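First up is the structure itself, then whatever we jot down about it.
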Amino acid sequence: MQKQPKESIYETEFLLLIGIVFLVVIGMLMAMFSVTYIQDMSTLRNVPDILWDFTCGRPTEAGTTLPLLLTISIVCFLVSGVLSGWRWWIKKAGQHDE
């Protein structure tokens with residue numbers, strides 16, 4: 001198996017960084033939209049129940065907008081964390097090859 005050239009590793013790290021930044025920005029935008037969508041404290045208090053009902057597929061009287069925004073935000077932050085770990089792993093593996 002051939003080793004990857006250094007340029008390819010740096011390109012992969014850069015592309016992962018772009019993906020991380022993109023996902024964090026999308027996650028923050030969705031979180032801000034979610035905060036503006038919440039009208040009162042009772043809705044804020046019921047967010048875990050709303051998300052659980054949305055995950056289980058149970059319809060709610062409030063609709064699917066808020067849980068969808070929150071779910072997209074959470075997924076974006078989780079995927080950006082995974083990509084950050086992957087980028088760190090690639091960088092660490094690249095240092096061992098030198």
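Ligands are numbered from 1 in the order shown, residues from 1 within each chain, and chains are lettered A, B, ... in the order they appear in the structure tokens.
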Q: Mind checking which residues fall within 7 Å of Leu66 (chain A), counting only C-alpha atoms, ignoring those fewer than 2 positions away in the same chain, and posting them as an MDAnalysis selection string?
A: chainID A and resid 34 37 64 68:70
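For Phe77 (chain A), the residues within 6 Å (counting only C-alpha atoms, excluding itself and residues fewer than 3 positions away along the chain) are Gly27, Ile74 and Ser80 of chain A.
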Please, could you write that set of residues out with N, CA and C atoms as a PDB file, in the first residue's frame?
ATOM      1  N   GLY A  27     -25.281  25.165  12.280  1.00  0.00           N
ATOM      2  CA  GLY A  27     -25.813  24.818  13.593  1.00  0.00           C
ATOM      3  C   GLY A  27     -26.159  26.046  14.403  1.00  0.00           C
ATOM      4  N   ILE A  74     -28.567  20.345  16.508  1.00  0.00           N
ATOM      5  CA  ILE A  74     -27.844  19.341  17.297  1.00  0.00           C
ATOM      6  C   ILE A  74     -27.024  18.425  16.390  1.00  0.00           C
ATOM      7  N   SER A  80     -19.935  18.159  13.366  1.00  0.00           N
ATOM      8  CA  SER A  80     -18.728  18.987  13.380  1.00  0.00           C
ATOM      9  C   SER A  80     -17.749  18.495  14.445  1.00  0.00           C
TER      10      SER A  80
END
Q | Long-range neighbours of Cys76 (chain A) as an NGL selection string, 12 Å cut-off, only C-alpha atoms, 4 positions minimum in chain | A | :A and (19-31 or 69-72 or 80-83)
Can you tell me, as a PDB file with N, CA, C and O atoms, in the first residue's frame, which residues in chain A count as helix (DSSP H, G or I) by DSSP?
ATOM      1  N   LYS A   6       2.267  14.251   1.313  1.00  0.00           N
ATOM      2  CA  LYS A   6       1.957  15.239   2.343  1.00  0.00           C
ATOM      3  C   LYS A   6       0.896  16.230   1.877  1.00  0.00           C
ATOM      4  O   LYS A   6       0.056  16.665   2.658  1.00  0.00           O
ATOM      5  N   GLU A   7       0.940  16.613   0.599  1.00  0.00           N
ATOM      6  CA  GLU A   7      -0.018  17.582   0.084  1.00  0.00           C
ATOM      7  C   GLU A   7      -1.443  17.065   0.229  1.00  0.00           C
ATOM      8  O   GLU A   7      -2.363  17.809   0.524  1.00  0.00           O
ATOM      9  N   SER A   8      -1.631  15.780   0.033  1.00  0.00           N
ATOM     10  CA  SER A   8      -2.956  15.182   0.146  1.00  0.00           C
ATOM     11  C   SER A   8      -3.462  15.239   1.582  1.00  0.00           C
ATOM     12  O   SER A   8      -4.636  15.483   1.822  1.00  0.00           O
ATOM     13  N   ILE A   9      -2.558  15.024   2.546  1.00  0.00           N
ATOM     14  CA  ILE A   9      -2.955  15.097   3.955  1.00  0.00           C
ATOM     15  C   ILE A   9      -3.352  16.515   4.313  1.00  0.00           C
ATOM     16  O   ILE A   9      -4.358  16.742   4.974  1.00  0.00           O
ATOM     17  N   TYR A  10      -2.563  17.501   3.855  1.00  0.00           N
ATOM     18  CA  TYR A  10      -2.889  18.895   4.147  1.00  0.00           C
ATOM     19  C   TYR A  10      -4.187  19.309   3.475  1.00  0.00           C
ATOM     20  O   TYR A  10      -4.975  20.065   4.044  1.00  0.00           O
ATOM     21  N   GLU A  11      -4.420  18.794   2.275  1.00  0.00           N
ATOM     22  CA  GLU A  11      -5.667  19.102   1.570  1.00  0.00           C
ATOM     23  C   GLU A  11      -6.859  18.512   2.314  1.00  0.00           C
ATOM     24  O   GLU A  11      -7.888  19.170   2.468  1.00  0.00           O
ATOM     25  N   THR A  12      -6.720  17.299   2.814  1.00  0.00           N
ATOM     26  CA  THR A  12      -7.794  16.665   3.581  1.00  0.00           C
ATOM     27  C   THR A  12      -8.070  17.435   4.858  1.00  0.00           C
ATOM     28  O   THR A  12      -9.231  17.675   5.202  1.00  0.00           O
ATOM     29  N   GLU A  13      -7.014  17.851   5.566  1.00  0.00           N
ATOM     30  CA  GLU A  13      -7.203  18.642   6.779  1.00  0.00           C
ATOM     31  C   GLU A  13      -7.927  19.940   6.480  1.00  0.00           C
ATOM     32  O   GLU A  13      -8.813  20.354   7.227  1.00  0.00           O
ATOM     33  N   PHE A  14      -7.552  20.599   5.381  1.00  0.00           N
ATOM     34  CA  PHE A  14      -8.181  21.860   5.006  1.00  0.00           C
ATOM     35  C   PHE A  14      -9.648  21.664   4.650  1.00  0.00           C
ATOM     36  O   PHE A  14     -10.505  22.444   5.074  1.00  0.00           O
ATOM     37  N   LEU A  15      -9.950  20.617   3.896  1.00  0.00           N
ATOM     38  CA  LEU A  15     -11.339  20.349   3.526  1.00  0.00           C
ATOM     39  C   LEU A  15     -12.184  20.004   4.755  1.00  0.00           C
ATOM     40  O   LEU A  15     -13.347  20.405   4.854  1.00  0.00           O
ATOM     41  N   LEU A  16     -11.610  19.268   5.682  1.00  0.00           N
ATOM     42  CA  LEU A  16     -12.325  18.970   6.924  1.00  0.00           C
ATOM     43  C   LEU A  16     -12.571  20.245   7.720  1.00  0.00           C
ATOM     44  O   LEU A  16     -13.640  20.422   8.298  1.00  0.00           O
ATOM     45  N   LEU A  17     -11.598  21.152   7.746  1.00  0.00           N
ATOM     46  CA  LEU A  17     -11.776  22.425   8.447  1.00  0.00           C
ATOM     47  C   LEU A  17     -12.900  23.239   7.820  1.00  0.00           C
ATOM     48  O   LEU A  17     -13.723  23.829   8.538  1.00  0.00           O
ATOM     49  N   ILE A  18     -12.963  23.254   6.501  1.00  0.00           N
ATOM     50  CA  ILE A  18     -14.055  23.959   5.822  1.00  0.00           C
ATOM     51  C   ILE A  18     -15.392  23.336   6.186  1.00  0.00           C
ATOM     52  O   ILE A  18     -16.369  24.037   6.469  1.00  0.00           O
ATOM     53  N   GLY A  19     -15.463  22.005   6.209  1.00  0.00           N
ATOM     54  CA  GLY A  19     -16.705  21.328   6.598  1.00  0.00           C
ATOM     55  C   GLY A  19     -17.099  21.619   8.030  1.00  0.00           C
ATOM     56  O   GLY A  19     -18.281  21.823   8.334  1.00  0.00           O
ATOM     57  N   ILE A  20     -16.108  21.657   8.930  1.00  0.00           N
ATOM     58  CA  ILE A  20     -16.387  21.952  10.335  1.00  0.00           C
ATOM     59  C   ILE A  20     -16.950  23.351  10.481  1.00  0.00           C
ATOM     60  O   ILE A  20     -17.959  23.567  11.162  1.00  0.00           O
ATOM     61  N   VAL A  21     -16.314  24.321   9.839  1.00  0.00           N
ATOM     62  CA  VAL A  21     -16.779  25.710   9.921  1.00  0.00           C
ATOM     63  C   VAL A  21     -18.193  25.828   9.343  1.00  0.00           C
ATOM     64  O   VAL A  21     -19.062  26.483   9.931  1.00  0.00           O
ATOM     65  N   PHE A  22     -18.434  25.191   8.213  1.00  0.00           N
ATOM     66  CA  PHE A  22     -19.759  25.237   7.590  1.00  0.00           C
ATOM     67  C   PHE A  22     -20.826  24.663   8.523  1.00  0.00           C
ATOM     68  O   PHE A  22     -21.887  25.264   8.729  1.00  0.00           O
ATOM     69  N   LEU A  23     -20.549  23.514   9.115  1.00  0.00           N
ATOM     70  CA  LEU A  23     -21.529  22.881   9.990  1.00  0.00           C
ATOM     71  C   LEU A  23     -21.760  23.674  11.268  1.00  0.00           C
ATOM     72  O   LEU A  23     -22.890  23.763  11.755  1.00  0.00           O
ATOM     73  N   VAL A  24     -20.707  24.266  11.820  1.00  0.00           N
ATOM     74  CA  VAL A  24     -20.879  25.084  13.022  1.00  0.00           C
ATOM     75  C   VAL A  24     -21.718  26.315  12.711  1.00  0.00           C
ATOM     76  O   VAL A  24     -22.608  26.684  13.491  1.00  0.00           O
ATOM     77  N   VAL A  25     -21.484  26.951  11.565  1.00  0.00           N
ATOM     78  CA  VAL A  25     -22.275  28.125  11.188  1.00  0.00           C
ATOM     79  C   VAL A  25     -23.735  27.740  10.975  1.00  0.00           C
ATOM     80  O   VAL A  25     -24.647  28.419  11.466  1.00  0.00           O
ATOM     81  N   ILE A  26     -23.992  26.646  10.272  1.00  0.00           N
ATOM     82  CA  ILE A  26     -25.371  26.186  10.054  1.00  0.00           C
ATOM     83  C   ILE A  26     -26.019  25.837  11.397  1.00  0.00           C
ATOM     84  O   ILE A  26     -27.175  26.180  11.648  1.00  0.00           O
ATOM     85  N   GLY A  27     -25.281  25.165  12.280  1.00  0.00           N
ATOM     86  CA  GLY A  27     -25.813  24.818  13.593  1.00  0.00           C
ATOM     87  C   GLY A  27     -26.159  26.046  14.403  1.00  0.00           C
ATOM     88  O   GLY A  27     -27.207  26.097  15.072  1.00  0.00           O
ATOM     89  N   MET A  28     -25.294  27.073  14.354  1.00  0.00           N
ATOM     90  CA  MET A  28     -25.583  28.308  15.096  1.00  0.00           C
ATOM     91  C   MET A  28     -26.788  29.028  14.513  1.00  0.00           C
ATOM     92  O   MET A  28     -27.623  29.564  15.266  1.00  0.00           O
ATOM     93  N   LEU A  29     -26.898  29.060  13.190  1.00  0.00           N
ATOM     94  CA  LEU A  29     -28.065  29.702  12.571  1.00  0.00           C
ATOM     95  C   LEU A  29     -29.362  28.988  12.954  1.00  0.00           C
ATOM     96  O   LEU A  29     -30.360  29.630  13.289  1.00  0.00           O
ATOM     97  N   MET A  30     -29.344  27.667  12.910  1.00  0.00           N
ATOM     98  CA  MET A  30     -30.540  26.914  13.292  1.00  0.00           C
ATOM     99  C   MET A  30     -30.869  27.116  14.775  1.00  0.00           C
ATOM    100  O   MET A  30     -32.048  27.219  15.148  1.00  0.00           O
ATOM    101  N   ALA A  31     -29.847  27.201  15.612  1.00  0.00           N
ATOM    102  CA  ALA A  31     -30.080  27.447  17.032  1.00  0.00           C
ATOM    103  C   ALA A  31     -30.663  28.840  17.252  1.00  0.00           C
ATOM    104  O   ALA A  31     -31.574  29.013  18.078  1.00  0.00           O
ATOM    105  N   MET A  32     -30.162  29.824  16.505  1.00  0.00           N
ATOM    106  CA  MET A  32     -30.715  31.174  16.638  1.00  0.00           C
ATOM    107  C   MET A  32     -32.160  31.228  16.143  1.00  0.00           C
ATOM    108  O   MET A  32     -33.005  31.881  16.757  1.00  0.00           O
ATOM    109  N   PHE A  33     -32.455  30.549  15.036  1.00  0.00           N
ATOM    110  CA  PHE A  33     -33.839  30.489  14.565  1.00  0.00           C
ATOM    111  C   PHE A  33     -34.730  29.802  15.600  1.00  0.00           C
ATOM    112  O   PHE A  33     -35.876  30.182  15.798  1.00  0.00           O
ATOM    113  N   SER A  34     -34.199  28.776  16.256  1.00  0.00           N
ATOM    114  CA  SER A  34     -34.967  28.068  17.283  1.00  0.00           C
ATOM    115  C   SER A  34     -35.267  28.989  18.454  1.00  0.00           C
ATOM    116  O   SER A  34     -36.379  28.983  18.979  1.00  0.00           O
ATOM    117  N   VAL A  35     -34.270  29.766  18.858  1.00  0.00           N
ATOM    118  CA  VAL A  35     -34.469  30.690  19.982  1.00  0.00           C
ATOM    119  C   VAL A  35     -35.501  31.749  19.626  1.00  0.00           C
ATOM    120  O   VAL A  35     -36.343  32.108  20.461  1.00  0.00           O
ATOM    121  N   THR A  36     -35.474  32.247  18.400  1.00  0.00           N
ATOM    122  CA  THR A  36     -36.466  33.249  18.010  1.00  0.00           C
ATOM    123  C   THR A  36     -37.849  32.630  17.837  1.00  0.00           C
ATOM    124  O   THR A  36     -38.847  33.333  17.955  1.00  0.00           O
ATOM    125  N   TYR A  37     -37.903  31.338  17.573  1.00  0.00           N
ATOM    126  CA  TYR A  37     -39.192  30.664  17.403  1.00  0.00           C
ATOM    127  C   TYR A  37     -39.878  30.406  18.747  1.00  0.00           C
ATOM    128  O   TYR A  37     -41.101  30.363  18.821  1.00  0.00           O
ATOM    129  N   MET A  41     -41.796  30.864  28.102  1.00  0.00           N
ATOM    130  CA  MET A  41     -40.996  29.987  28.956  1.00  0.00           C
ATOM    131  C   MET A  41     -41.535  28.565  29.004  1.00  0.00           C
ATOM    132  O   MET A  41     -40.770  27.619  29.180  1.00  0.00           O
ATOM    133  N   SER A  42     -42.831  28.385  28.835  1.00  0.00           N
ATOM    134  CA  SER A  42     -43.381  27.029  28.876  1.00  0.00           C
ATOM    135  C   SER A  42     -42.885  26.213  27.679  1.00  0.00           C
ATOM    136  O   SER A  42     -42.613  25.019  27.805  1.00  0.00           O
ATOM    137  N   THR A  43     -42.748  26.857  26.540  1.00  0.00           N
ATOM    138  CA  THR A  43     -42.202  26.159  25.367  1.00  0.00           C
ATOM    139  C   THR A  43     -40.742  25.788  25.620  1.00  0.00           C
ATOM    140  O   THR A  43     -40.315  24.678  25.303  1.00  0.00           O
ATOM    141  N   LEU A  44     -39.994  26.714  26.205  1.00  0.00           N
ATOM    142  CA  LEU A  44     -38.597  26.448  26.513  1.00  0.00           C
ATOM    143  C   LEU A  44     -38.465  25.311  27.518  1.00  0.00           C
ATOM    144  O   LEU A  44     -37.588  24.464  27.409  1.00  0.00           O
ATOM    145  N   ARG A  45     -39.372  25.257  28.472  1.00  0.00           N
ATOM    146  CA  ARG A  45     -39.355  24.198  29.477  1.00  0.00           C
ATOM    147  C   ARG A  45     -39.704  22.844  28.866  1.00  0.00           C
ATOM    148  O   ARG A  45     -39.237  21.802  29.334  1.00  0.00           O
ATOM    149  N   VAL A  47     -38.965  21.800  25.770  1.00  0.00           N
ATOM    150  CA  VAL A  47     -38.113  21.442  24.632  1.00  0.00           C
ATOM    151  C   VAL A  47     -37.685  19.973  24.658  1.00  0.00           C
ATOM    152  O   VAL A  47     -37.760  19.293  23.630  1.00  0.00           O
ATOM    153  N   PRO A  48     -37.234  19.415  25.802  1.00  0.00           N
ATOM    154  CA  PRO A  48     -36.866  17.989  25.776  1.00  0.00           C
ATOM    155  C   PRO A  48     -38.037  17.082  25.389  1.00  0.00           C
ATOM    156  O   PRO A  48     -37.851  16.129  24.613  1.00  0.00           O
ATOM    157  N   ASP A  49     -39.244  17.375  25.898  1.00  0.00           N
ATOM    158  CA  ASP A  49     -40.413  16.570  25.526  1.00  0.00           C
ATOM    159  C   ASP A  49     -40.759  16.741  24.051  1.00  0.00           C
ATOM    160  O   ASP A  49     -41.122  15.765  23.378  1.00  0.00           O
ATOM    161  N   ILE A  50     -40.637  17.961  23.555  1.00  0.00           N
ATOM    162  CA  ILE A  50     -40.926  18.226  22.140  1.00  0.00           C
ATOM    163  C   ILE A  50     -39.955  17.452  21.251  1.00  0.00           C
ATOM    164  O   ILE A  50     -40.351  16.833  20.255  1.00  0.00           O
ATOM    165  N   LEU A  51     -38.664  17.477  21.619  1.00  0.00           N
ATOM    166  CA  LEU A  51     -37.673  16.740  20.828  1.00  0.00           C
ATOM    167  C   LEU A  51     -37.907  15.237  20.898  1.00  0.00           C
ATOM    168  O   LEU A  51     -37.744  14.530  19.897  1.00  0.00           O
ATOM    169  N   TRP A  52     -38.271  14.745  22.074  1.00  0.00           N
ATOM    170  CA  TRP A  52     -38.518  13.311  22.217  1.00  0.00           C
ATOM    171  C   TRP A  52     -39.731  12.889  21.385  1.00  0.00           C
ATOM    172  O   TRP A  52     -39.700  11.858  20.702  1.00  0.00           O
ATOM    173  N   ASP A  53     -40.800  13.674  21.433  1.00  0.00           N
ATOM    174  CA  ASP A  53     -41.976  13.365  20.621  1.00  0.00           C
ATOM    175  C   ASP A  53     -41.643  13.400  19.135  1.00  0.00           C
ATOM    176  O   ASP A  53     -42.108  12.558  18.361  1.00  0.00           O
ATOM    177  N   PHE A  54     -40.820  14.368  18.727  1.00  0.00           N
ATOM    178  CA  PHE A  54     -40.417  14.463  17.324  1.00  0.00           C
ATOM    179  C   PHE A  54     -39.585  13.253  16.914  1.00  0.00           C
ATOM    180  O   PHE A  54     -39.769  12.689  15.836  1.00  0.00           O
ATOM    181  N   THR A  55     -38.676  12.831  17.803  1.00  0.00           N
ATOM    182  CA  THR A  55     -37.831  11.671  17.515  1.00  0.00           C
ATOM    183  C   THR A  55     -38.651  10.393  17.405  1.00  0.00           C
ATOM    184  O   THR A  55     -38.391   9.552  16.544  1.00  0.00           O
ATOM    185  N   CYS A  56     -39.651  10.263  18.257  1.00  0.00           N
ATOM    186  CA  CYS A  56     -40.495   9.065  18.254  1.00  0.00           C
ATOM    187  C   CYS A  56     -41.569   9.103  17.174  1.00  0.00           C
ATOM    188  O   CYS A  56     -42.256   8.109  16.956  1.00  0.00           O
ATOM    189  N   THR A  65     -41.869  22.557  13.290  1.00  0.00           N
ATOM    190  CA  THR A  65     -40.839  23.543  12.968  1.00  0.00           C
ATOM    191  C   THR A  65     -39.764  23.621  14.048  1.00  0.00           C
ATOM    192  O   THR A  65     -38.572  23.501  13.749  1.00  0.00           O
ATOM    193  N   LEU A  66     -40.162  23.821  15.293  1.00  0.00           N
ATOM    194  CA  LEU A  66     -39.184  23.938  16.371  1.00  0.00           C
ATOM    195  C   LEU A  66     -38.364  22.672  16.558  1.00  0.00           C
ATOM    196  O   LEU A  66     -37.129  22.752  16.614  1.00  0.00           O
ATOM    197  N   PRO A  67     -38.981  21.497  16.643  1.00  0.00           N
ATOM    198  CA  PRO A  67     -38.138  20.305  16.803  1.00  0.00           C
ATOM    199  C   PRO A  67     -37.222  20.046  15.607  1.00  0.00           C
ATOM    200  O   PRO A  67     -36.101  19.568  15.782  1.00  0.00           O
ATOM    201  N   LEU A  68     -37.667  20.384  14.416  1.00  0.00           N
ATOM    202  CA  LEU A  68     -36.822  20.201  13.237  1.00  0.00           C
ATOM    203  C   LEU A  68     -35.611  21.133  13.289  1.00  0.00           C
ATOM    204  O   LEU A  68     -34.483  20.710  13.026  1.00  0.00           O
ATOM    205  N   LEU A  69     -35.824  22.391  13.647  1.00  0.00           N
ATOM    206  CA  LEU A  69     -34.715  23.332  13.770  1.00  0.00           C
ATOM    207  C   LEU A  69     -33.725  22.882  14.840  1.00  0.00           C
ATOM    208  O   LEU A  69     -32.508  22.920  14.645  1.00  0.00           O
ATOM    209  N   LEU A  70     -34.241  22.453  15.985  1.00  0.00           N
ATOM    210  CA  LEU A  70     -33.367  22.003  17.065  1.00  0.00           C
ATOM    211  C   LEU A  70     -32.609  20.736  16.686  1.00  0.00           C
ATOM    212  O   LEU A  70     -31.420  20.596  17.000  1.00  0.00           O
ATOM    213  N   THR A  71     -33.285  19.826  16.009  1.00  0.00           N
ATOM    214  CA  THR A  71     -32.631  18.581  15.598  1.00  0.00           C
ATOM    215  C   THR A  71     -31.525  18.855  14.583  1.00  0.00           C
ATOM    216  O   THR A  71     -30.431  18.292  14.686  1.00  0.00           O
ATOM    217  N   ILE A  72     -31.784  19.714  13.627  1.00  0.00           N
ATOM    218  CA  ILE A  72     -30.756  20.068  12.641  1.00  0.00           C
ATOM    219  C   ILE A  72     -29.568  20.719  13.342  1.00  0.00           C
ATOM    220  O   ILE A  72     -28.407  20.414  13.035  1.00  0.00           O
ATOM    221  N   SER A  73     -29.841  21.597  14.285  1.00  0.00           N
ATOM    222  CA  SER A  73     -28.770  22.255  15.025  1.00  0.00           C
ATOM    223  C   SER A  73     -27.920  21.248  15.802  1.00  0.00           C
ATOM    224  O   SER A  73     -26.685  21.273  15.744  1.00  0.00           O
ATOM    225  N   ILE A  74     -28.567  20.345  16.508  1.00  0.00           N
ATOM    226  CA  ILE A  74     -27.844  19.341  17.297  1.00  0.00           C
ATOM    227  C   ILE A  74     -27.024  18.425  16.390  1.00  0.00           C
ATOM    228  O   ILE A  74     -25.862  18.126  16.672  1.00  0.00           O
ATOM    229  N   VAL A  75     -27.611  17.990  15.287  1.00  0.00           N
ATOM    230  CA  VAL A  75     -26.893  17.098  14.359  1.00  0.00           C
ATOM    231  C   VAL A  75     -25.687  17.816  13.752  1.00  0.00           C
ATOM    232  O   VAL A  75     -24.605  17.224  13.631  1.00  0.00           O
ATOM    233  N   CYS A  76     -25.838  19.086  13.401  1.00  0.00           N
ATOM    234  CA  CYS A  76     -24.703  19.840  12.849  1.00  0.00           C
ATOM    235  C   CYS A  76     -23.569  19.941  13.858  1.00  0.00           C
ATOM    236  O   CYS A  76     -22.396  19.757  13.504  1.00  0.00           O
ATOM    237  N   PHE A  77     -23.898  20.221  15.116  1.00  0.00           N
ATOM    238  CA  PHE A  77     -22.850  20.312  16.133  1.00  0.00           C
ATOM    239  C   PHE A  77     -22.192  18.956  16.378  1.00  0.00           C
ATOM    240  O   PHE A  77     -20.970  18.876  16.556  1.00  0.00           O
ATOM    241  N   LEU A  78     -22.970  17.879  16.386  1.00  0.00           N
ATOM    242  CA  LEU A  78     -22.392  16.551  16.589  1.00  0.00           C
ATOM    243  C   LEU A  78     -21.476  16.153  15.430  1.00  0.00           C
ATOM    244  O   LEU A  78     -20.374  15.635  15.649  1.00  0.00           O
ATOM    245  N   VAL A  79     -21.918  16.390  14.215  1.00  0.00           N
ATOM    246  CA  VAL A  79     -21.100  16.027  13.046  1.00  0.00           C
ATOM    247  C   VAL A  79     -19.838  16.881  12.994  1.00  0.00           C
ATOM    248  O   VAL A  79     -18.764  16.380  12.646  1.00  0.00           O
ATOM    249  N   SER A  80     -19.935  18.159  13.366  1.00  0.00           N
ATOM    250  CA  SER A  80     -18.728  18.987  13.380  1.00  0.00           C
ATOM    251  C   SER A  80     -17.749  18.495  14.445  1.00  0.00           C
ATOM    252  O   SER A  80     -16.536  18.552  14.245  1.00  0.00           O
ATOM    253  N   GLY A  81     -18.257  17.993  15.557  1.00  0.00           N
ATOM    254  CA  GLY A  81     -17.379  17.397  16.567  1.00  0.00           C
ATOM    255  C   GLY A  81     -16.686  16.147  16.052  1.00  0.00           C
ATOM    256  O   GLY A  81     -15.495  15.938  16.298  1.00  0.00           O
ATOM    257  N   VAL A  82     -17.423  15.315  15.336  1.00  0.00           N
ATOM    258  CA  VAL A  82     -16.832  14.103  14.752  1.00  0.00           C
ATOM    259  C   VAL A  82     -15.776  14.477  13.709  1.00  0.00           C
ATOM    260  O   VAL A  82     -14.692  13.885  13.673  1.00  0.00           O
ATOM    261  N   LEU A  83     -16.075  15.467  12.879  1.00  0.00           N
ATOM    262  CA  LEU A  83     -15.095  15.903  11.883  1.00  0.00           C
ATOM    263  C   LEU A  83     -13.857  16.504  12.542  1.00  0.00           C
ATOM    264  O   LEU A  83     -12.745  16.331  12.051  1.00  0.00           O
ATOM    265  N   SER A  84     -14.045  17.208  13.661  1.00  0.00           N
ATOM    266  CA  SER A  84     -12.895  17.753  14.393  1.00  0.00           C
ATOM    267  C   SER A  84     -12.015  16.623  14.924  1.00  0.00           C
ATOM    268  O   SER A  84     -10.778  16.702  14.851  1.00  0.00           O
ATOM    269  N   GLY A  85     -12.635  15.589  15.446  1.00  0.00           N
ATOM    270  CA  GLY A  85     -11.867  14.438  15.908  1.00  0.00           C
ATOM    271  C   GLY A  85     -11.146  13.739  14.777  1.00  0.00           C
ATOM    272  O   GLY A  85      -9.997  13.318  14.924  1.00  0.00           O
ATOM    273  N   TRP A  86     -11.804  13.613  13.646  1.00  0.00           N
ATOM    274  CA  TRP A  86     -11.194  12.989  12.474  1.00  0.00           C
ATOM    275  C   TRP A  86      -9.998  13.816  11.991  1.00  0.00           C
ATOM    276  O   TRP A  86      -8.944  13.281  11.663  1.00  0.00           O
ATOM    277  N   ARG A  87     -10.165  15.145  11.966  1.00  0.00           N
ATOM    278  CA  ARG A  87      -9.074  16.036  11.553  1.00  0.00           C
ATOM    279  C   ARG A  87      -7.894  15.917  12.518  1.00  0.00           C
ATOM    280  O   ARG A  87      -6.745  15.879  12.104  1.00  0.00           O
ATOM    281  N   TRP A  88      -8.189  15.860  13.805  1.00  0.00           N
ATOM    282  CA  TRP A  88      -7.138  15.715  14.812  1.00  0.00           C
ATOM    283  C   TRP A  88      -6.413  14.384  14.616  1.00  0.00           C
ATOM    284  O   TRP A  88      -5.188  14.326  14.702  1.00  0.00           O
ATOM    285  N   TRP A  89      -7.160  13.322  14.335  1.00  0.00           N
ATOM    286  CA  TRP A  89      -6.574  12.001  14.133  1.00  0.00           C
ATOM    287  C   TRP A  89      -5.670  11.984  12.905  1.00  0.00           C
ATOM    288  O   TRP A  89      -4.588  11.396  12.924  1.00  0.00           O
ATOM    289  N   ILE A  90      -6.126  12.642  11.824  1.00  0.00           N
ATOM    290  CA  ILE A  90      -5.316  12.706  10.601  1.00  0.00           C
ATOM    291  C   ILE A  90      -4.038  13.491  10.873  1.00  0.00           C
ATOM    292  O   ILE A  90      -2.951  13.092  10.447  1.00  0.00           O
ATOM    293  N   LYS A  91      -4.161  14.598  11.599  1.00  0.00           N
ATOM    294  CA  LYS A  91      -2.980  15.411  11.899  1.00  0.00           C
ATOM    295  C   LYS A  91      -2.000  14.623  12.776  1.00  0.00           C
ATOM    296  O   LYS A  91      -0.796  14.653  12.558  1.00  0.00           O
ATOM    297  N   LYS A  92      -2.527  13.891  13.739  1.00  0.00           N
ATOM    298  CA  LYS A  92      -1.677  13.091  14.625  1.00  0.00           C
ATOM    299  C   LYS A  92      -1.011  11.953  13.850  1.00  0.00           C
ATOM    300  O   LYS A  92       0.170  11.679  14.033  1.00  0.00           O
ATOM    301  N   ALA A  93      -1.754  11.310  12.958  1.00  0.00           N
ATOM    302  CA  ALA A  93      -1.187  10.238  12.142  1.00  0.00           C
ATOM    303  C   ALA A  93      -0.137  10.779  11.195  1.00  0.00           C
ATOM    304  O   ALA A  93       0.859  10.100  10.922  1.00  0.00           O
ATOM    305  N   GLY A  94      -0.312  11.980  10.687  1.00  0.00           N
ATOM    306  CA  GLY A  94       0.662  12.590   9.800  1.00  0.00           C
ATOM    307  C   GLY A  94       1.954  12.936  10.498  1.00  0.00           C
ATOM    308  O   GLY A  94       3.023  12.889   9.913  1.00  0.00           O
ATOM    309  N   GLN A  95       1.883  13.256  11.797  1.00  0.00           N
ATOM    310  CA  GLN A  95       3.089  13.574  12.557  1.00  0.00           C
ATOM    311  C   GLN A  95       3.909  12.318  12.833  1.00  0.00           C
ATOM    312  O   GLN A  95       5.125  12.371  12.903  1.00  0.00           O
ATOM    313  N   HIS A  96       3.235  11.176  12.977  1.00  0.00           N
ATOM    314  CA  HIS A  96       3.946   9.923  13.230  1.00  0.00           C
ATOM    315  C   HIS A  96       4.679   9.429  11.991  1.00  0.00           C
ATOM    316  O   HIS A  96       5.658   8.689  12.100  1.00  0.00           O
ATOM    317  N   ASP A  97       4.189   9.796  10.812  1.00  0.00           N
ATOM    318  CA  ASP A  97       4.805   9.330   9.575  1.00  0.00           C
ATOM    319  C   ASP A  97       6.118  10.044   9.268  1.00  0.00           C
ATOM    320  O   ASP A  97       6.921   9.557   8.497  1.00  0.00           O
TER     321      ASP A  97
END
